[in-house]
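Next comes structure_13.txt, with compact mmCIF, C-alpha atoms.
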```txt
# COMPACT_ATOMS: atom_id res chain seq x y z
CA MET R 1261 -36.36 47.77 77.06
CA ARG R 1262 -35.21 44.24 77.35
CA GLU R 1263 -31.57 43.22 77.52
CA LEU R 1264 -29.80 41.24 74.77
CA ILE R 1265 -27.31 38.71 76.07
CA LEU R 1266 -24.95 37.11 73.57
CA ARG R 1267 -22.72 34.26 74.66
CA ILE R 1268 -19.75 33.98 72.32
CA GLU R 1269 -16.83 31.72 73.19
CA GLY R 1270 -17.66 31.86 76.90
CA GLN R 1271 -17.94 35.64 77.08
CA ILE R 1272 -21.23 37.41 77.69
CA PHE R 1273 -22.16 40.59 75.83
CA LYS R 1274 -25.23 42.68 76.78
CA MET R 1275 -27.39 44.68 74.36
CA THR R 1276 -31.09 45.64 74.11
CA ILE R 1277 -33.85 42.95 74.02
CA LYS R 1278 -33.30 39.71 75.92
CA LEU R 1279 -31.84 36.97 73.77
CA ILE R 1280 -29.28 34.28 74.38
CA LEU R 1281 -27.34 33.02 71.38
CA VAL R 1282 -24.80 30.30 70.84
CA SER R 1283 -23.30 29.16 67.58
CA MET R 1284 -21.57 26.13 66.14
CA ALA R 1285 -20.49 24.91 62.75
CA THR R 1286 -19.98 21.17 62.37
CA LEU R 1287 -18.45 19.21 59.52
CA LEU R 1288 -20.76 16.41 58.53
CA SER R 1289 -19.44 13.22 57.06
CA SER R 1290 -20.96 10.16 55.45
CA CYS R 1291 -24.48 11.58 55.30
CA VAL R 1292 -26.98 9.72 53.16
CA SER R 1293 -28.74 11.86 50.58
CA VAL R 1294 -32.52 11.64 50.77
CA ARG R 1295 -35.23 13.76 49.22
CA PRO R 1296 -38.39 13.53 51.37
CA THR R 1297 -41.43 13.78 49.14
CA SER R 1298 -44.15 12.09 51.18
CA HIS R 1299 -44.64 15.12 53.46
CA GLY R 1300 -46.24 17.35 50.84
CA HIS R 1301 -43.60 20.09 51.09
CA THR R 1302 -43.40 21.95 47.80
CA PRO R 1303 -42.26 25.50 47.19
CA GLU R 1304 -44.86 28.23 47.17
CA LYS R 1305 -44.67 31.31 44.97
CA VAL R 1306 -41.76 33.68 45.38
CA VAL R 1307 -42.70 36.31 47.95
CA SER R 1308 -39.85 38.77 47.35
CA ARG R 1309 -38.02 39.54 44.13
CA GLY R 1310 -34.83 37.50 43.79
CA LEU R 1311 -35.54 35.37 46.85
CA PRO R 1312 -36.31 31.67 46.66
CA PRO R 1313 -39.75 30.58 47.89
CA CYS R 1314 -40.46 29.54 51.46
CA LEU R 1315 -41.34 25.91 51.98
CA GLN R 1316 -45.02 25.04 52.03
CA GLY R 1317 -46.10 24.64 55.62
CA TYR R 1318 -43.81 27.37 56.94
CA THR R 1319 -45.47 29.88 59.25
CA GLU R 1320 -45.20 33.61 58.50
CA GLN R 1321 -42.57 33.73 61.26
CA GLN R 1322 -40.45 31.03 59.61
CA CYS R 1323 -40.82 32.72 56.20
CA SER R 1324 -39.74 36.05 57.69
CA VAL R 1325 -36.57 34.51 59.17
CA PHE R 1326 -35.95 32.68 55.87
CA ARG R 1327 -36.33 35.90 53.84
CA ASP R 1328 -34.28 38.04 56.26
CA THR R 1329 -31.46 35.47 56.23
CA ASN R 1330 -31.42 35.48 52.42
CA ARG R 1331 -31.55 39.29 52.27
CA ALA R 1332 -28.48 39.41 54.55
CA ARG R 1333 -26.62 36.97 52.29
CA MET R 1334 -27.57 38.85 49.12
CA ALA R 1335 -26.49 42.17 50.69
CA HIS R 1336 -23.03 40.61 51.05
CA GLY R 1337 -22.89 39.34 47.46
CA LEU R 1338 -23.77 35.73 48.30
CA PRO R 1339 -26.48 33.68 46.62
CA PRO R 1340 -29.70 33.10 48.56
CA LEU R 1341 -30.30 29.77 50.25
CA ARG R 1342 -33.13 27.51 49.17
CA GLY R 1343 -35.40 25.82 51.67
CA SER R 1344 -34.42 22.35 52.82
CA VAL R 1345 -37.13 19.98 54.03
CA SER R 1346 -34.62 17.84 55.97
CA CYS R 1347 -33.04 20.91 57.62
CA SER R 1348 -36.50 22.28 58.42
CA TYR R 1349 -37.53 19.13 60.26
CA LEU R 1350 -34.25 19.10 62.18
CA ALA R 1351 -34.54 22.80 63.12
CA GLN R 1352 -38.22 22.61 64.11
CA ASP R 1353 -37.71 19.48 66.20
CA HIS R 1354 -34.67 21.02 67.90
CA SER R 1355 -36.67 24.18 68.70
CA LYS R 1356 -39.35 22.00 70.30
CA ASP R 1357 -36.71 20.00 72.17
CA MET R 1358 -35.10 23.18 73.56
CA ALA R 1359 -38.54 24.44 74.65
CA ARG R 1360 -39.35 21.13 76.34
CA GLU R 1361 -35.99 21.18 78.16
CA GLN R 1362 -36.25 24.97 78.72
CA LYS R 1363 -32.61 25.19 77.70
CA LEU R 1364 -30.89 26.95 74.83
CA SER R 1365 -28.27 24.56 73.54
CA HIS R 1366 -26.83 22.83 70.50
CA ASP R 1367 -26.84 19.64 72.57
CA SER R 1368 -29.97 17.68 73.35
CA PRO R 1369 -29.98 15.23 76.25
CA GLN R 1370 -32.13 12.90 74.17
CA PHE R 1371 -30.96 13.53 70.59
CA GLY R 1372 -27.31 14.61 70.93
CA ASN R 1373 -25.30 17.38 69.29
CA PHE R 1374 -25.89 18.94 65.88
CA GLY R 1375 -23.66 16.43 64.07
CA ARG R 1376 -25.48 13.46 65.60
CA ARG R 1377 -28.89 14.97 64.84
CA ALA R 1378 -27.82 15.79 61.27
CA LYS R 1379 -26.90 12.17 60.68
CA ALA R 1380 -30.15 10.97 62.25
CA TYR R 1381 -32.11 13.27 59.90
CA GLN R 1382 -29.94 12.12 57.01
CA LEU R 1383 -29.04 15.66 55.93
CA PRO R 1384 -27.56 15.59 52.46
CA GLY R 1385 -24.20 17.23 51.96
CA THR R 1386 -20.79 17.27 53.60
CA TRP R 1387 -21.07 20.46 55.66
CA GLY R 1388 -23.58 21.85 58.12
CA ALA R 1389 -24.01 24.52 60.76
CA GLU R 1390 -26.64 25.59 63.26
CA ASN R 1391 -27.71 28.86 64.89
CA VAL R 1392 -29.99 28.84 67.93
CA ALA R 1393 -31.59 31.66 69.90
CA TRP R 1394 -34.13 32.20 72.66
CA SER R 1395 -36.28 35.21 73.41
CA SER R 1396 -38.36 35.94 76.48
CA ALA R 1397 -40.65 37.80 74.05
CA GLY R 1398 -41.56 34.39 72.58
CA ASN R 1399 -42.10 33.85 68.88
CA SER R 1400 -42.84 37.56 68.36
CA TYR R 1401 -39.07 38.15 68.33
CA TYR R 1402 -38.86 36.63 64.85
CA LYS R 1403 -38.56 40.05 63.18
CA GLN R 1404 -35.35 40.80 65.12
CA VAL R 1405 -33.67 37.40 65.46
CA VAL R 1406 -31.67 37.56 62.19
CA ALA R 1407 -30.37 41.03 63.09
CA GLY R 1408 -29.27 39.60 66.46
CA TRP R 1409 -27.48 36.73 64.75
CA MET R 1410 -25.83 39.12 62.28
CA ASP R 1411 -24.43 41.11 65.25
CA SER R 1412 -22.75 37.96 66.57
CA PRO R 1413 -19.52 36.91 64.78
CA GLY R 1414 -20.15 33.15 65.02
CA HIS R 1415 -23.77 33.34 63.89
CA ARG R 1416 -22.90 35.82 61.16
CA ALA R 1417 -20.24 33.41 59.87
CA ASN R 1418 -22.86 30.65 59.58
CA ILE R 1419 -25.36 32.89 57.78
CA LEU R 1420 -22.71 34.23 55.39
CA SER R 1421 -20.89 30.93 54.85
CA PRO R 1422 -20.11 30.30 51.19
CA ASN R 1423 -20.49 26.58 51.99
CA ALA R 1424 -24.21 26.92 52.69
CA THR R 1425 -26.69 26.29 49.88
CA ALA R 1426 -29.83 25.38 51.84
CA ILE R 1427 -31.50 26.27 55.12
CA GLY R 1428 -34.24 25.13 57.47
CA ILE R 1429 -35.95 27.28 60.10
CA GLY R 1430 -37.48 26.12 63.37
CA ILE R 1431 -39.47 28.31 65.79
CA PHE R 1432 -41.30 27.09 68.89
CA ASN R 1433 -42.27 28.93 72.10
CA GLY R 1434 -39.53 31.55 71.74
CA TYR R 1435 -36.80 29.07 70.72
CA PHE R 1436 -35.33 29.62 67.25
CA ALA R 1437 -33.08 27.35 65.20
CA GLN R 1438 -31.47 27.64 61.79
CA CYS R 1439 -29.98 24.57 60.10
CA PHE R 1440 -27.57 25.15 57.22
CA THR R 1441 -26.29 22.53 54.78
CA ASN R 1442 -24.60 22.27 51.40
CA GLU R 1443 -27.04 19.70 49.99
```
Let me see the structure of the file written as C-alpha cells.
Amino acid sequence: MRELILRIEGQIFKMTIKLILVSMATLLSSCVSVRPTSHGHTPEKVVSRGLPPCLQGYTEQQCSVFRDTNRARMAHGLPPLRGSVSCSYLAQDHSKDMAREQKLSHDSPQFGNFGRRAKAYQLPGTWGAENVAWSSAGNSYYKQVVAGWMDSPGHRANILSPNATAIGIGIFNGYFAQCFTNE
C-alpha cells in the first residue's frame, strides 16, 4: 500500500496511498466577468441524476472528480456546482504548471498565487478557493482524490463552502487542481 501524506497548517498526517495536499481559500476582488464562448465548451447531457453536466472537453477523469465533488456537496445538503469554463482553464493550466515544476503548490514561480491567477483568468465572482493534490500513482488516482480532500479539513471546507456555485477541474501527470468560484 502507498502512504497518504496530508500537509495541513504545517503538520503532516500519514494515511494509505501517497498524496500530498495543501489548501487555500482566497477572497477575490475586482474581477471582471467574462463568459468565454469561442472555445466551444457547452454542457453535455447529464450523466447522473440530479447532477449538472460535465463541460464538453472534460476527460472521464475530470468528469469523475466533478461528479464526486457534487455528490459530496449534495450528501451534505448543498446544491451541486456547475462547471465553469474560466475555472477549468485556470485549474488545468495550474496542474500543468505544477507538473512542469514538479512541485505541489498554490504558488507558481511564473504565474503567482491563486488570487493573482484568478485575476489573470478574469474569474467572475467575488470569492474563490483552490484545492491541489499530487499522486505518485499519476492520473489513475482520480477515483480517490475527492475522498482524500474530504478527509482534510481545509479541502473539505472548500468543497462544502456555501459560497461556491461553480467549479473547474484540472488533471495532468498526477497533479490535480480544483478551482471554486461564486460566479
Task: CA of Gln1382 in chain R to CA of Trp1409 in chain R, straight-line distance in Å - done: 25.9 Å
Can you build me a table of range 1375-1407 of chain R residues sitting at most 8 Å from range 1325-1343 of chain R, with the closest atom pair per residue and its distance in Å to one decimal, using only C-alpha atoms, sorted by chain and residue number, as a tab-separated table?
```
residue	atom	partner	partner_atom	distance
R:Tyr1402	CA	R:Val1325	CA	6.5
R:Lys1403	CA	R:Val1325	CA	7.1
R:Val1405	CA	R:Val1325	CA	7.5
R:Val1406	CA	R:Thr1329	CA	6.3
```
- [ ] Rank R:Met1358, R:Ala1417, R:Met1410, R:Val1345 by their smallest atom-to-atom distance to Phe1436 in chain R, using all atoms listed in the file, and report the top residue only.
- [x] R:Met1358
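Take the candidates R:Gly1375, R:Gly1398, R:Gly1385, R:Gly1428 and check each one against Ser1348 in chain R using only C-alpha atoms; the shortest distance goes to R:Gly1428.
Remark: for Ser1344 in chain R, the closest of the candidate residues R:Gly1408, R:Gly1430, R:Pro1369, R:Pro1422 is R:Gly1430 (distances computed over all atoms listed in the file).
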TODO: Would you mind reading off the distance between CA of Ala1424 in chain R and CA of Cys1439 in chain R, one decimal, in Å?
DONE: 9.7 Å
- [ ] Give the answer as one residue: which of R:Ala1397, R:Asn1433, R:Ala1389, R:Arg1377 has the shortest atom-to-atom distance to Ser1421 in chain R, using all atoms listed in the file?
- [x]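 Of the candidates, the smallest distance to Ser1421 in chain R is held by R:Ala1389.
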Open item on the list: Calculated over all atoms listed in the file, which of the candidates R:Ser1324, R:Asn1373, R:Gln1404, R:Asn1391 has the smallest distance to Ala1351 in chain R?
Closed with: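 Checking each of R:Ser1324, R:Asn1373, R:Gln1404, R:Asn1391 against Ala1351 in chain R, counting all atoms listed in the file, the winner is R:Asn1391.
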TODO: For CA of Glu1443 in chain R and CA of Ala1359 in chain R, determine how far apart the two atoms are, in Å to one decimal place.
DONE: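 Result for CA of Glu1443 in chain R versus CA of Ala1359 in chain R: 27.6 Å, one decimal.
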Task: Non-local contacts of His1366 in chain R (10 Å; all atoms listed in the file; under 2 positions in same chain excluded) as a VMD selection string - done: chain R and resid 1282 to 1284 1354 1358 1363 to 1364 1368 1372 to 1375 1377 1390 to 1392 1437
TODO: Write out as number ranges by chain which residues come within 6 Å of Phe1432 in chain R when counting only C-alpha atoms, dropping same-chain ones fewer than 3 positions away.
DONE: R: 1355-1356, 1435
Convert the current residue selection to file output with C-alpha atoms, as a CSV table (one decimal), in the frame of the given file.
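The file below, part_31.csv, is the result:
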```csv
chain,number,residue,atom,x,y,z
R,1355,SER,CA,-36.7,24.2,68.7
R,1356,LYS,CA,-39.4,22.0,70.3
R,1435,TYR,CA,-36.8,29.1,70.7
```
TODO: Please determine the residues with any atom at most 7 Å from (-17.6, 22.0, 54.7) (coordinates as given in the file, with all atoms listed in the file counting) and report them as a VMD selection string.
DONE: chain R and resid 1287 1386 to 1388 1423
TODO: Find, counting all atoms listed in the file, the residue in R:Ala1407, R:Leu1383, R:Ile1429, R:Leu1315 that gets nearest to Asn1442 in chain R.
DONE: R:Leu1383
Will you model N, CA and C atoms for range 1374-1389 of chain R and pass it back as an mmCIF file, in the frame of the given file?
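The file below, result.cif, is the result:
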```
data_model
loop_
_atom_site.group_PDB
_atom_site.id
_atom_site.type_symbol
_atom_site.label_atom_id
_atom_site.label_comp_id
_atom_site.auth_asym_id
_atom_site.auth_seq_id
_atom_site.Cartn_x
_atom_site.Cartn_y
_atom_site.Cartn_z
ATOM 1 N N PHE R 1374 -25.436 18.659 67.248
ATOM 2 C CA PHE R 1374 -25.890 18.940 65.880
ATOM 3 C C PHE R 1374 -25.422 17.862 64.906
ATOM 4 N N GLY R 1375 -24.180 17.451 64.982
ATOM 5 C CA GLY R 1375 -23.660 16.430 64.070
ATOM 6 C C GLY R 1375 -24.429 15.117 64.168
ATOM 7 N N ARG R 1376 -24.726 14.705 65.391
ATOM 8 C CA ARG R 1376 -25.480 13.460 65.600
ATOM 9 C C ARG R 1376 -26.907 13.599 65.069
ATOM 10 N N ARG R 1377 -27.535 14.753 65.340
ATOM 11 C CA ARG R 1377 -28.890 14.970 64.840
ATOM 12 C C ARG R 1377 -28.909 15.049 63.315
ATOM 13 N N ALA R 1378 -27.893 15.676 62.734
ATOM 14 C CA ALA R 1378 -27.820 15.790 61.270
ATOM 15 C C ALA R 1378 -27.745 14.412 60.622
ATOM 16 N N LYS R 1379 -26.970 13.532 61.215
ATOM 17 C CA LYS R 1379 -26.900 12.170 60.680
ATOM 18 C C LYS R 1379 -28.229 11.444 60.849
ATOM 19 N N ALA R 1380 -28.869 11.621 62.000
ATOM 20 C CA ALA R 1380 -30.150 10.970 62.250
ATOM 21 C C ALA R 1380 -31.212 11.442 61.253
ATOM 22 N N TYR R 1381 -31.160 12.716 60.863
ATOM 23 C CA TYR R 1381 -32.110 13.270 59.900
ATOM 24 C C TYR R 1381 -31.646 13.068 58.459
ATOM 25 N N GLN R 1382 -30.513 12.428 58.313
ATOM 26 C CA GLN R 1382 -29.940 12.120 57.010
ATOM 27 C C GLN R 1382 -29.809 13.370 56.133
ATOM 28 N N LEU R 1383 -29.241 14.442 56.723
ATOM 29 C CA LEU R 1383 -29.040 15.660 55.930
ATOM 30 C C LEU R 1383 -28.091 15.380 54.790
ATOM 31 N N PRO R 1384 -28.471 15.744 53.590
ATOM 32 C CA PRO R 1384 -27.560 15.590 52.460
ATOM 33 C C PRO R 1384 -26.419 16.594 52.586
ATOM 34 N N GLY R 1385 -25.315 16.297 51.973
ATOM 35 C CA GLY R 1385 -24.200 17.230 51.960
ATOM 36 C C GLY R 1385 -23.065 16.791 52.854
ATOM 37 N N THR R 1386 -22.006 17.586 52.838
ATOM 38 C CA THR R 1386 -20.790 17.270 53.600
ATOM 39 C C THR R 1386 -20.470 18.334 54.635
ATOM 40 N N TRP R 1387 -21.310 19.354 54.729
ATOM 41 C CA TRP R 1387 -21.070 20.460 55.660
ATOM 42 C C TRP R 1387 -22.400 20.889 56.255
ATOM 43 N N GLY R 1388 -22.369 21.334 57.502
ATOM 44 C CA GLY R 1388 -23.580 21.850 58.120
ATOM 45 C C GLY R 1388 -23.245 22.768 59.268
ATOM 46 N N ALA R 1389 -24.185 23.595 59.639
ATOM 47 C CA ALA R 1389 -24.010 24.520 60.760
ATOM 48 C C ALA R 1389 -25.385 24.795 61.359
#
```
